Amino acid sequence: MISFLSSREIYDIVHKARKECMTTRKNVLVAVALLLSGSLLFAQVAADPLDYFYDDLTIWETMGMVRNLPPVRPYPLPLVKTILESVMEKGDRTQREIARSHFDRLFGRTVSFGGKTGLALDTYNDYKQMDLAVSLDANFTFTDIVSASVSADGWAVNKLPDEELKPVWERSTKNIVKDNAKVGPFYILPSITSSISVGTDDTYLNAGLMRGSWGPIYENGIIVGQQAHAAGQFTFALNRPEWCFDFSLFALSATADDDVEDYYPDKYLSLHSFEYRPVDWFSISIFESVVYGDRLDLLYLLPLSPYMISQGNTGFHDNSYLGGTFTVRPLEGMKVDGTLIADDLSFNDIAKFNFDTKWRIAGQLGVSYAPRKSGLFTRIMLDYTMVTPYTYTHKEGDSLDVTAPNFQNYLHAGKNFGAALDPNSDRINLRIRLRPLEAVDVDLVGVLIRHGNVNEGMDDRRIREYVTSDGSYITDGSIRNASGTDSGHAFFYSTPFLTQDTIQYIWQTGFDVTCRLPVLKSGGYMVFRLGYRFEVNINPDVNRQIYTYDETLINEDGSRVSEEAIDAAAEAQLEAWKDKATGTVFNNYISAGFEYFF
């Protein structure tokens with residue numbers, strides 16, 4: 001006997017099957033995410049400091065809606081959640097909606113899949129760039145105090161990070177490392193950013209392989225810059241309304257001064273700070289950092305032991321820094337931030353009020369304003385950064401070997417880990433953000449950078465060493481150009497900050513447009529990007545080496561020729577350098593990008 005099902009029974013069966021299918025699919029997705037991340041569940045990233053959550057966070061902090069955050073980023077998921085909940089409570093309708101979109105994206109689902117693509121054009125060289133990626137983002141909250149997330153990308157790129165079409169001193173946002181995997185013109189390379197955090201929103205340990213940022217000025221800080229390649233990061237923060245203590249250890253990649261392509265392990269940067277907030281509108285902090293390597297020193301893991309004292313126990317063989325920061329809020333919606341770091345100072349001269357002496361320092365001062373009421377005008381930021389000659393440079397003891405790994409300069413994977421500038425440089429940076437629509441941001445950008453090669457104007461004694469020593473010196477004015485010589489440190493009693501005859505000037509202006517739209521059907525989102533920079537680069541090749549070894553200045557018995565002959569050869573090298581360094585280059589950079597996550 002054949003019986004027929006009613007429409008209601010059919011609906012119940014289909015509904016049950018669909019529900020079981022969705023549950024199975026969800027479990028499969030989670031399983032896939034776990035398999036893809038593997039052991040990375042124990043070393044993952046809670047939030048990338050380049051994520052646009054941090055763009056909005058700078059606005060909320062300037063507005064005054066969010067205050068008293070730890071100085072080191074990225075933040076763990078519990079703190080990100082607290083920040084978003086605070087904005088959803090205190091903000092106006094526009095800011096609540098923006099915070100809600102971040103909350104849904106980061107906490108509304110466990111796993112998101114998607115893709116990214118980008119195009120770029122450099123009109124001066126007529127170069128073209130194309131990027132494609134498949135992506136996975138996953139956020140996990142295991143318990144009230146344990147959370148983790150992972151972001152994995154599989155990239156196909158025709159330009160490696162060092163070759164990307166970027167304005168001068170802008171760095172790649174991709175955490176990929178050169179390998180031999182290549183299909184046609186495309187390199188096929190993976191990128192994984194990951195972290196795990198243990199703790200609450202005000203007391204936590206956060207560890208992972210990720211980019212970092214430290215200090216009150218997020219976008220281009222001088223201690224840890226978010227433009228630097230991802231590094232191993234271990235951060236402990238104890239944050240209270242009146243004060244904050246934090247400790248960070250960064251595992252860096254060392255390079256030799258004459259070769260930044262090959263990486264070496266066992267290079268570290270330890271950083272700890274204490275911030276005091278006596279009143280609601282003012283905070284001040286003191287911090288120390290030390291760069292060292294070829295060992296992991298337990299002395300620098302002691303959170304309350306001053307590095308200057310600990311360094312004495314190691315024979316003063318490492319590269320330590322001392323500095324401070326401050327934040328002042330003179331008006332509602334206005335924020336003034338400052339940072340100063342000292343690499344090396346001539347204390348005796350300064351104590352005698354002799355200020356024409358050695359100043360190995362980097363400083364930054366920024367002023368920002370964001371009206372509390374949302375509208376077209378969102379935020380304006382103006383900051384000035386300076387890095388004096390030989391700041392961030394260092395060598396192991398008195399070694400002049402440029403072929404050995406340098407564990408003491410402020411480089412990671414061959415690039416600046418702090419300020420995105422070479423020593424003997426300064427920068428004025430202006431950024432205005434407009435929000436004509438809730439989902440659209442328009443950034444207007446203006447940048448002026450100055451840089452001089454410190455070796456121009458060097459005294460003859462050291463120039464003679466540079467041109468008669470085989471492979472001992474770098475004279476390009478970069479971080480790899482240390483001050484140590486056989487006859488003592490160059491400019492040990494003076495600071496020729498931008499006093500050279502040949503100064504490089506870089507002018508950049510343009511805009512970035514970003515549109516973010518939710519995908520309601522899947523709960524995902526889309527991002528459209530368009531960028532343009534016009535750049536004028538005056539004296540673009542200042543960072544060529546001025547002086548190099550000249551074997552004709554050495555006699556057959558190994559002695560040097562006369563000083564007159566050496567000086568004449570050095571003067572010829574200087575004039576040849578000036579001919580190559582000078583000139584003007586005009587360039588246009590055009591970029592576009594698209595992301596889709598579901």
# chains A, B, ... in the order shown; residues from 1 in each chain; ligands from 1

call {"tool": "residues_around", "arguments": {"residues": "Phe407 in chain A", "least_positions_apart": "2", "cutoff": "6 Å", "atoms": "only C-alpha atoms", "output": "PyMOL selection string"}}
result
chain A and resi 254+267+292-293

call {"tool": "atom_distance", "arguments": {"atom1": "CA of Tyr187 in chain A", "atom2": "CA of Ala156 in chain A"}}
result
5.5 Å

call {"tool": "select_by_dssp", "arguments": {"residues": "range 92-216 of chain A", "states": "strand (DSSP E or B)", "output": "short mmCIF file (atom, residue, chain, number, x, y, z; two decimals) with N, CA, C and O atoms, in the first residue's frame"}}
result
data_model
loop_
_atom_site.label_atom_id
_atom_site.label_comp_id
_atom_site.auth_asym_id
_atom_site.auth_seq_id
_atom_site.Cartn_x
_atom_site.Cartn_y
_atom_site.Cartn_z
N VAL A 111 34.46 31.66 11.24
CA VAL A 111 35.34 31.52 10.08
C VAL A 111 34.78 32.32 8.92
O VAL A 111 33.56 32.32 8.68
N SER A 112 35.64 33.02 8.20
CA SER A 112 35.27 33.72 6.97
C SER A 112 36.26 33.35 5.88
O SER A 112 37.47 33.30 6.12
N PHE A 113 35.73 33.07 4.70
CA PHE A 113 36.56 32.81 3.53
C PHE A 113 36.39 33.97 2.55
O PHE A 113 35.35 34.63 2.53
N GLY A 114 37.41 34.19 1.74
CA GLY A 114 37.28 35.26 0.78
C GLY A 114 38.45 35.34 -0.15
O GLY A 114 39.29 34.43 -0.24
N GLY A 115 38.52 36.45 -0.85
CA GLY A 115 39.60 36.69 -1.79
C GLY A 115 39.94 38.16 -1.87
O GLY A 115 39.15 39.02 -1.49
N LYS A 116 41.15 38.45 -2.36
CA LYS A 116 41.62 39.81 -2.51
C LYS A 116 42.30 39.93 -3.87
O LYS A 116 42.91 38.99 -4.37
N THR A 117 42.22 41.11 -4.43
CA THR A 117 42.94 41.39 -5.66
C THR A 117 43.35 42.85 -5.68
O THR A 117 42.68 43.70 -5.07
N GLY A 118 44.45 43.13 -6.34
CA GLY A 118 44.92 44.50 -6.40
C GLY A 118 45.69 44.75 -7.69
O GLY A 118 46.33 43.84 -8.25
N LEU A 119 45.64 45.99 -8.15
CA LEU A 119 46.37 46.43 -9.33
C LEU A 119 47.10 47.72 -8.99
O LEU A 119 46.60 48.53 -8.20
N ALA A 120 48.27 47.93 -9.58
CA ALA A 120 49.02 49.17 -9.35
C ALA A 120 49.81 49.52 -10.60
O ALA A 120 50.19 48.65 -11.39
N LEU A 121 50.06 50.83 -10.76
CA LEU A 121 50.77 51.34 -11.93
C LEU A 121 51.74 52.42 -11.48
O LEU A 121 51.39 53.29 -10.67
N ASP A 122 52.96 52.35 -11.99
CA ASP A 122 54.00 53.35 -11.75
C ASP A 122 54.30 53.99 -13.10
O ASP A 122 54.85 53.35 -13.99
N TYR A 127 55.88 50.46 -14.86
CA TYR A 127 55.75 49.14 -14.26
C TYR A 127 54.28 48.89 -13.92
O TYR A 127 53.53 49.81 -13.59
N LYS A 128 53.91 47.61 -13.92
CA LYS A 128 52.56 47.21 -13.55
C LYS A 128 52.63 46.12 -12.51
O LYS A 128 53.54 45.28 -12.53
N GLN A 129 51.66 46.13 -11.62
CA GLN A 129 51.65 45.16 -10.52
C GLN A 129 50.26 44.55 -10.40
O GLN A 129 49.25 45.24 -10.55
N MET A 130 50.21 43.25 -10.11
CA MET A 130 48.94 42.55 -9.92
C MET A 130 49.07 41.57 -8.77
O MET A 130 50.06 40.84 -8.68
N ASP A 131 48.08 41.56 -7.88
CA ASP A 131 48.06 40.66 -6.74
C ASP A 131 46.73 39.91 -6.73
O ASP A 131 45.68 40.49 -7.00
N LEU A 132 46.78 38.64 -6.39
CA LEU A 132 45.58 37.83 -6.19
C LEU A 132 45.80 36.98 -4.95
O LEU A 132 46.90 36.49 -4.71
N ALA A 133 44.74 36.80 -4.16
CA ALA A 133 44.89 35.99 -2.95
C ALA A 133 43.57 35.32 -2.60
O ALA A 133 42.50 35.90 -2.79
N VAL A 134 43.66 34.10 -2.10
CA VAL A 134 42.54 33.46 -1.42
C VAL A 134 42.83 33.53 0.07
O VAL A 134 43.97 33.38 0.50
N SER A 135 41.81 33.77 0.87
CA SER A 135 42.03 34.11 2.27
C SER A 135 41.09 33.36 3.19
O SER A 135 39.97 32.98 2.81
N LEU A 136 41.57 33.17 4.40
CA LEU A 136 40.78 32.61 5.49
C LEU A 136 41.02 33.43 6.73
O LEU A 136 42.18 33.65 7.11
N ASP A 137 39.96 33.90 7.37
CA ASP A 137 40.05 34.59 8.65
C ASP A 137 39.22 33.81 9.66
O ASP A 137 38.07 33.44 9.36
N ALA A 138 39.78 33.58 10.84
CA ALA A 138 39.05 32.82 11.86
C ALA A 138 39.29 33.44 13.22
O ALA A 138 40.42 33.82 13.55
N ASN A 139 38.23 33.57 14.01
CA ASN A 139 38.31 34.09 15.37
C ASN A 139 37.70 33.06 16.32
O ASN A 139 36.59 32.58 16.09
N PHE A 140 38.43 32.75 17.38
CA PHE A 140 37.99 31.74 18.33
C PHE A 140 37.98 32.34 19.73
O PHE A 140 38.96 32.96 20.15
N THR A 141 36.92 32.12 20.46
CA THR A 141 36.87 32.44 21.89
C THR A 141 36.61 31.13 22.61
O THR A 141 35.48 30.64 22.64
N VAL A 146 40.58 32.87 27.23
CA VAL A 146 41.44 32.34 26.17
C VAL A 146 40.78 32.58 24.82
O VAL A 146 39.64 32.16 24.59
N SER A 147 41.47 33.26 23.95
CA SER A 147 40.95 33.54 22.61
C SER A 147 42.10 33.52 21.61
O SER A 147 43.26 33.69 21.99
N ALA A 148 41.76 33.32 20.35
CA ALA A 148 42.79 33.25 19.32
C ALA A 148 42.15 33.54 17.97
O ALA A 148 40.94 33.47 17.81
N SER A 149 43.00 33.86 17.02
CA SER A 149 42.52 34.00 15.64
C SER A 149 43.68 33.83 14.68
O SER A 149 44.84 33.91 15.06
N VAL A 150 43.33 33.55 13.44
CA VAL A 150 44.34 33.32 12.42
C VAL A 150 43.87 33.92 11.11
O VAL A 150 42.67 33.89 10.79
N SER A 151 44.78 34.52 10.38
CA SER A 151 44.49 35.03 9.05
C SER A 151 45.51 34.40 8.10
O SER A 151 46.71 34.60 8.27
N ALA A 152 45.02 33.63 7.14
CA ALA A 152 45.90 32.93 6.20
C ALA A 152 45.58 33.36 4.78
O ALA A 152 44.41 33.38 4.39
N ASP A 153 46.60 33.72 4.03
CA ASP A 153 46.44 34.13 2.64
C ASP A 153 47.35 33.30 1.75
O ASP A 153 48.51 33.03 2.11
N GLY A 154 46.83 32.93 0.60
CA GLY A 154 47.65 32.33 -0.43
C GLY A 154 47.77 33.30 -1.59
O GLY A 154 46.80 33.57 -2.29
N TRP A 155 48.96 33.88 -1.78
CA TRP A 155 49.15 34.98 -2.72
C TRP A 155 49.71 34.51 -4.05
O TRP A 155 50.56 33.61 -4.11
N ALA A 156 49.25 35.16 -5.11
CA ALA A 156 49.89 35.10 -6.42
C ALA A 156 50.24 36.54 -6.78
O ALA A 156 49.35 37.37 -6.98
N VAL A 157 51.55 36.85 -6.83
CA VAL A 157 52.00 38.23 -7.04
C VAL A 157 53.08 38.25 -8.12
O VAL A 157 53.89 37.33 -8.22
N LYS A 182 57.04 29.60 -8.29
CA LYS A 182 56.67 30.58 -9.30
C LYS A 182 55.96 29.88 -10.45
O LYS A 182 56.37 28.82 -10.91
N VAL A 183 54.87 30.51 -10.92
CA VAL A 183 54.13 30.03 -12.08
C VAL A 183 54.05 31.18 -13.06
O VAL A 183 53.36 32.18 -12.82
N PHE A 186 54.11 34.94 -11.93
CA PHE A 186 53.58 35.07 -10.58
C PHE A 186 54.35 34.20 -9.58
O PHE A 186 54.59 33.01 -9.83
N TYR A 187 54.72 34.82 -8.46
CA TYR A 187 55.21 34.08 -7.32
C TYR A 187 53.99 33.57 -6.53
O TYR A 187 53.03 34.33 -6.30
N ILE A 188 54.03 32.32 -6.10
CA ILE A 188 52.95 31.74 -5.31
C ILE A 188 53.47 31.58 -3.89
O ILE A 188 54.32 30.72 -3.61
N LEU A 189 52.99 32.43 -2.98
CA LEU A 189 53.57 32.51 -1.65
C LEU A 189 52.49 32.57 -0.58
O LEU A 189 51.45 33.23 -0.75
N PRO A 190 52.71 31.91 0.55
CA PRO A 190 51.74 31.96 1.65
C PRO A 190 52.03 33.10 2.62
O PRO A 190 53.16 33.59 2.71
N SER A 191 51.02 33.51 3.34
CA SER A 191 51.16 34.53 4.39
C SER A 191 50.22 34.15 5.53
O SER A 191 49.03 33.93 5.31
N ILE A 192 50.76 34.06 6.74
CA ILE A 192 49.95 33.70 7.90
C ILE A 192 50.24 34.69 9.02
O ILE A 192 51.41 34.93 9.37
N THR A 193 49.21 35.27 9.55
CA THR A 193 49.28 36.13 10.73
C THR A 193 48.48 35.45 11.83
O THR A 193 47.34 35.05 11.59
N SER A 194 49.06 35.32 13.01
CA SER A 194 48.40 34.47 14.00
C SER A 194 48.74 34.92 15.42
O SER A 194 49.79 35.48 15.67
N SER A 195 47.81 34.65 16.36
CA SER A 195 48.08 34.94 17.77
C SER A 195 47.11 34.22 18.68
O SER A 195 46.04 33.75 18.25
N ILE A 196 47.49 34.12 19.92
CA ILE A 196 46.62 33.61 20.97
C ILE A 196 46.79 34.51 22.18
O ILE A 196 47.90 35.01 22.44
N SER A 197 45.71 34.78 22.89
CA SER A 197 45.78 35.62 24.08
C SER A 197 45.17 34.88 25.27
O SER A 197 44.21 34.12 25.11
N VAL A 198 45.76 35.12 26.43
CA VAL A 198 45.27 34.56 27.68
C VAL A 198 45.10 35.73 28.65
O VAL A 198 46.05 36.48 28.89
N GLY A 199 43.89 35.91 29.15
CA GLY A 199 43.64 36.99 30.09
C GLY A 199 42.36 37.72 29.79
O GLY A 199 41.53 37.27 28.98
N THR A 203 44.18 42.75 31.60
CA THR A 203 45.35 42.01 32.04
C THR A 203 45.50 40.80 31.12
O THR A 203 44.66 39.90 31.17
N TYR A 204 46.54 40.79 30.31
CA TYR A 204 46.61 39.72 29.32
C TYR A 204 48.04 39.47 28.86
O TYR A 204 48.92 40.32 28.98
N LEU A 205 48.22 38.27 28.30
CA LEU A 205 49.42 37.90 27.56
C LEU A 205 48.98 37.58 26.14
O LEU A 205 48.09 36.75 25.93
N ASN A 206 49.58 38.26 25.19
CA ASN A 206 49.22 38.11 23.78
C ASN A 206 50.49 37.71 23.02
O ASN A 206 51.50 38.40 23.11
N ALA A 207 50.43 36.60 22.28
CA ALA A 207 51.62 36.10 21.59
C ALA A 207 51.26 35.65 20.19
O ALA A 207 50.21 35.04 19.97
N GLY A 208 52.13 35.97 19.24
CA GLY A 208 51.84 35.54 17.88
C GLY A 208 52.89 35.98 16.89
O GLY A 208 53.87 36.66 17.23
N LEU A 209 52.67 35.60 15.64
CA LEU A 209 53.47 36.05 14.51
C LEU A 209 52.66 37.13 13.81
O LEU A 209 51.66 36.82 13.14
N MET A 210 53.05 38.40 13.96
CA MET A 210 52.20 39.49 13.52
C MET A 210 53.00 40.78 13.40
O MET A 210 54.10 40.89 13.94
N SER A 213 52.83 47.60 16.49
CA SER A 213 52.80 49.06 16.53
C SER A 213 52.91 49.46 17.99
O SER A 213 52.25 48.86 18.85
N TRP A 214 53.75 50.45 18.29
CA TRP A 214 53.93 50.87 19.68
C TRP A 214 53.99 52.38 19.75
O TRP A 214 54.67 53.03 18.96
#

call {"tool": "atom_distance", "arguments": {"atom1": "CA of Asp294 in chain A", "atom2": "CA of Leu269 in chain A"}}
result
12.1 Å

call {"tool": "closest_residue", "arguments": {"among": "A:Ile222, A:Val454, A:Ile506, A:Ala565", "to": "Arg544 in chain A", "atoms": "only C-alpha atoms"}}
result
A:Val454

call {"tool": "select_by_dssp", "arguments": {"residues": "range 35-199 of chain A", "states": "helix (DSSP H, G or I)", "output": "ChimeraX atom specification"}}
result
/A:35-42,52-63,77-90,93-107,161-163

call {"tool": "atom_distance", "arguments": {"atom1": "CA of Phe250 in chain A", "atom2": "CA of Gly232 in chain A"}}
result
5.4 Å

call {"tool": "residues_around", "arguments": {"residues": "range 313-324 of chain A", "least_positions_apart": "6", "cutoff": "7 Å", "atoms": "only C-alpha atoms", "output": "ChimeraX atom specification"}}
result
/A:285-292,339-343,394,396-397,408

call {"tool": "write_last_selection", "arguments": {"atoms": "N, CA, C and O atoms", "output": "tab-separated table (two decimals), in the first residue's frame"}}
result
chain	number	residue	atom	x	y	z
A	285	SER	N	54.67	58.65	29.96
A	285	SER	CA	55.27	57.33	30.16
A	285	SER	C	56.77	57.41	29.98
A	285	SER	O	57.32	58.33	29.35
A	286	ILE	N	57.45	56.42	30.54
A	286	ILE	CA	58.87	56.21	30.33
A	286	ILE	C	59.05	54.79	29.82
A	286	ILE	O	58.33	53.87	30.27
A	287	PHE	N	59.95	54.59	28.88
A	287	PHE	CA	60.14	53.25	28.34
A	287	PHE	C	61.62	53.01	28.06
A	287	PHE	O	62.43	53.93	27.95
A	288	GLU	N	61.95	51.74	27.95
A	288	GLU	CA	63.29	51.29	27.57
A	288	GLU	C	63.15	50.20	26.52
A	288	GLU	O	62.19	49.43	26.52
A	289	SER	N	64.11	50.12	25.63
A	289	SER	CA	64.19	49.00	24.71
A	289	SER	C	65.65	48.63	24.53
A	289	SER	O	66.55	49.44	24.77
A	290	VAL	N	65.89	47.41	24.11
A	290	VAL	CA	67.24	46.94	23.84
A	290	VAL	C	67.20	45.97	22.68
A	290	VAL	O	66.31	45.13	22.59
A	291	VAL	N	68.14	46.13	21.74
A	291	VAL	CA	68.28	45.23	20.60
A	291	VAL	C	69.56	44.43	20.80
A	291	VAL	O	70.63	45.02	21.06
A	292	TYR	N	69.47	43.12	20.68
A	292	TYR	CA	70.64	42.27	20.89
A	292	TYR	C	70.42	40.96	20.13
A	292	TYR	O	69.38	40.77	19.50
A	339	THR	N	56.65	61.60	21.27
A	339	THR	CA	57.54	60.47	21.59
A	339	THR	C	58.98	60.92	21.37
A	339	THR	O	59.28	61.59	20.39
A	340	LEU	N	59.86	60.53	22.27
A	340	LEU	CA	61.28	60.81	22.13
A	340	LEU	C	62.06	59.58	22.55
A	340	LEU	O	61.79	59.00	23.61
A	341	ILE	N	63.00	59.16	21.70
A	341	ILE	CA	63.84	58.02	22.02
A	341	ILE	C	65.30	58.43	21.87
A	341	ILE	O	65.67	59.11	20.90
A	342	ALA	N	66.12	58.05	22.84
A	342	ALA	CA	67.54	58.40	22.83
A	342	ALA	C	68.36	57.13	22.64
A	342	ALA	O	68.26	56.18	23.44
A	343	ASP	N	69.15	57.12	21.58
A	343	ASP	CA	70.05	56.01	21.31
A	343	ASP	C	71.38	56.21	22.04
A	343	ASP	O	71.84	55.37	22.79
A	394	HIS	N	74.12	50.48	14.68
A	394	HIS	CA	74.96	49.93	15.74
A	394	HIS	C	75.74	48.76	15.18
A	394	HIS	O	75.33	48.13	14.21
A	396	GLU	N	78.40	45.29	16.51
A	396	GLU	CA	78.83	44.43	17.61
A	396	GLU	C	80.23	44.85	18.08
A	396	GLU	O	81.22	44.63	17.37
A	397	GLY	N	80.31	45.49	19.25
A	397	GLY	CA	81.60	45.93	19.76
A	397	GLY	C	82.28	46.87	18.78
A	397	GLY	O	81.69	47.83	18.28
A	408	GLN	N	72.47	44.11	16.25
A	408	GLN	CA	72.28	45.27	17.11
A	408	GLN	C	71.69	46.49	16.42
A	408	GLN	O	71.32	47.44	17.09

call {"tool": "closest_residue", "arguments": {"among": "A:His229, A:Lys174, A:Lys81, A:Lys166", "to": "Thr200 in chain A", "atoms": "only C-alpha atoms"}}
result
A:Lys81

call {"tool": "closest_residue", "arguments": {"among": "A:Asn180, A:Ser270, A:Ser172, A:Thr514", "to": "Ala230 in chain A", "atoms": "only C-alpha atoms"}}
result
A:Ser172

call {"tool": "closest_residue", "arguments": {"among": "A:Leu421, A:Leu345, A:Val442, A:Met63", "to": "Phe528 in chain A", "atoms": "only C-alpha atoms"}}
result
A:Val442

call {"tool": "residues_around", "arguments": {"residues": "Lys521 in chain A", "least_positions_apart": "3", "cutoff": "9 Å", "atoms": "only C-alpha atoms", "output": "MDAnalysis selection string"}}
result
chainID A and resid 518 524 598

call {"tool": "residues_around", "arguments": {"residues": "Gly225 in chain A", "least_positions_apart": "4", "cutoff": "9 Å", "atoms": "only C-alpha atoms", "output": "list in words"}}
result
Arg211, Gly212, Ser213, Trp214, Tyr218, Glu219, Asn220, Gly221, Asn416, Phe417, Gly418, Ala419 and Ala420 of chain A

call {"tool": "residues_around", "arguments": {"residues": "range 353-368 of chain A", "least_positions_apart": "4", "cutoff": "7 Å", "atoms": "only C-alpha atoms", "output": "ChimeraX atom specification"}}
result
/A:62,334-346,349,380-391,492-495

call {"tool": "closest_residue", "arguments": {"among": "A:Asn539, A:Asn125, A:Gln508, A:Ser472", "to": "Arg427 in chain A", "atoms": "only C-alpha atoms"}}
result
A:Gln508

call {"tool": "closest_residue", "arguments": {"among": "A:Leu434, A:Ile463, A:Leu331, A:Leu69", "to": "Glu242 in chain A", "atoms": "only C-alpha atoms"}}
result
A:Leu69

call {"tool": "residues_around", "arguments": {"residues": "Ala99 in chain A", "least_positions_apart": "4", "cutoff": "8 Å", "atoms": "only C-alpha atoms", "output": "ChimeraX atom specification"}}
result
/A:84-85,87-88,95,103

call {"tool": "decode", "arguments": {"residues": "range 355-370 of chain A", "atoms": "N, CA, C and O atoms", "output": "compact mmCIF listing (two decimals), in the first residue's frame"}}
result
# COMPACT_ATOMS: atom_id res chain seq x y z
N PHE A 355 75.50 72.11 23.90
CA PHE A 355 74.52 71.36 23.12
C PHE A 355 75.00 71.07 21.69
O PHE A 355 74.31 70.38 20.94
N ASP A 356 76.16 71.58 21.33
CA ASP A 356 76.74 71.23 20.03
C ASP A 356 77.57 69.96 20.23
O ASP A 356 78.79 69.97 20.26
N THR A 357 76.87 68.84 20.36
CA THR A 357 77.51 67.59 20.71
C THR A 357 76.75 66.44 20.08
O THR A 357 75.95 66.64 19.16
N LYS A 358 76.98 65.24 20.57
CA LYS A 358 76.38 64.04 20.00
C LYS A 358 74.93 63.88 20.46
O LYS A 358 74.63 63.82 21.65
N TRP A 359 74.01 63.80 19.49
CA TRP A 359 72.60 63.55 19.75
C TRP A 359 72.13 62.43 18.82
O TRP A 359 71.83 62.67 17.67
N ARG A 360 72.11 61.22 19.32
CA ARG A 360 71.56 60.10 18.56
C ARG A 360 70.14 59.88 19.06
O ARG A 360 69.88 59.08 19.96
N ILE A 361 69.19 60.61 18.46
CA ILE A 361 67.82 60.59 18.95
C ILE A 361 66.84 60.52 17.78
O ILE A 361 67.16 60.83 16.64
N ALA A 362 65.62 60.09 18.11
CA ALA A 362 64.50 60.17 17.18
C ALA A 362 63.32 60.74 17.96
O ALA A 362 63.10 60.40 19.13
N GLY A 363 62.58 61.63 17.33
CA GLY A 363 61.45 62.28 18.00
C GLY A 363 60.25 62.38 17.08
O GLY A 363 60.38 62.40 15.85
N GLN A 364 59.09 62.47 17.69
CA GLN A 364 57.85 62.57 16.93
C GLN A 364 56.83 63.39 17.72
O GLN A 364 56.68 63.21 18.93
N LEU A 365 56.17 64.30 17.02
CA LEU A 365 55.13 65.14 17.63
C LEU A 365 53.94 65.16 16.69
O LEU A 365 54.09 65.45 15.49
N GLY A 366 52.77 64.83 17.21
CA GLY A 366 51.57 64.78 16.38
C GLY A 366 50.39 65.49 17.02
O GLY A 366 50.22 65.46 18.25
N VAL A 367 49.60 66.17 16.19
CA VAL A 367 48.38 66.84 16.64
C VAL A 367 47.23 66.33 15.78
O VAL A 367 47.32 66.33 14.54
N SER A 368 46.16 65.89 16.42
CA SER A 368 45.00 65.37 15.68
C SER A 368 43.72 65.97 16.24
O SER A 368 43.64 66.33 17.42
N TYR A 369 42.72 66.05 15.37
CA TYR A 369 41.42 66.58 15.78
C TYR A 369 40.32 65.79 15.09
O TYR A 369 40.39 65.53 13.88
N ALA A 370 39.32 65.41 15.86
CA ALA A 370 38.15 64.69 15.33
C ALA A 370 36.92 65.20 16.06
O ALA A 370 36.81 65.03 17.28
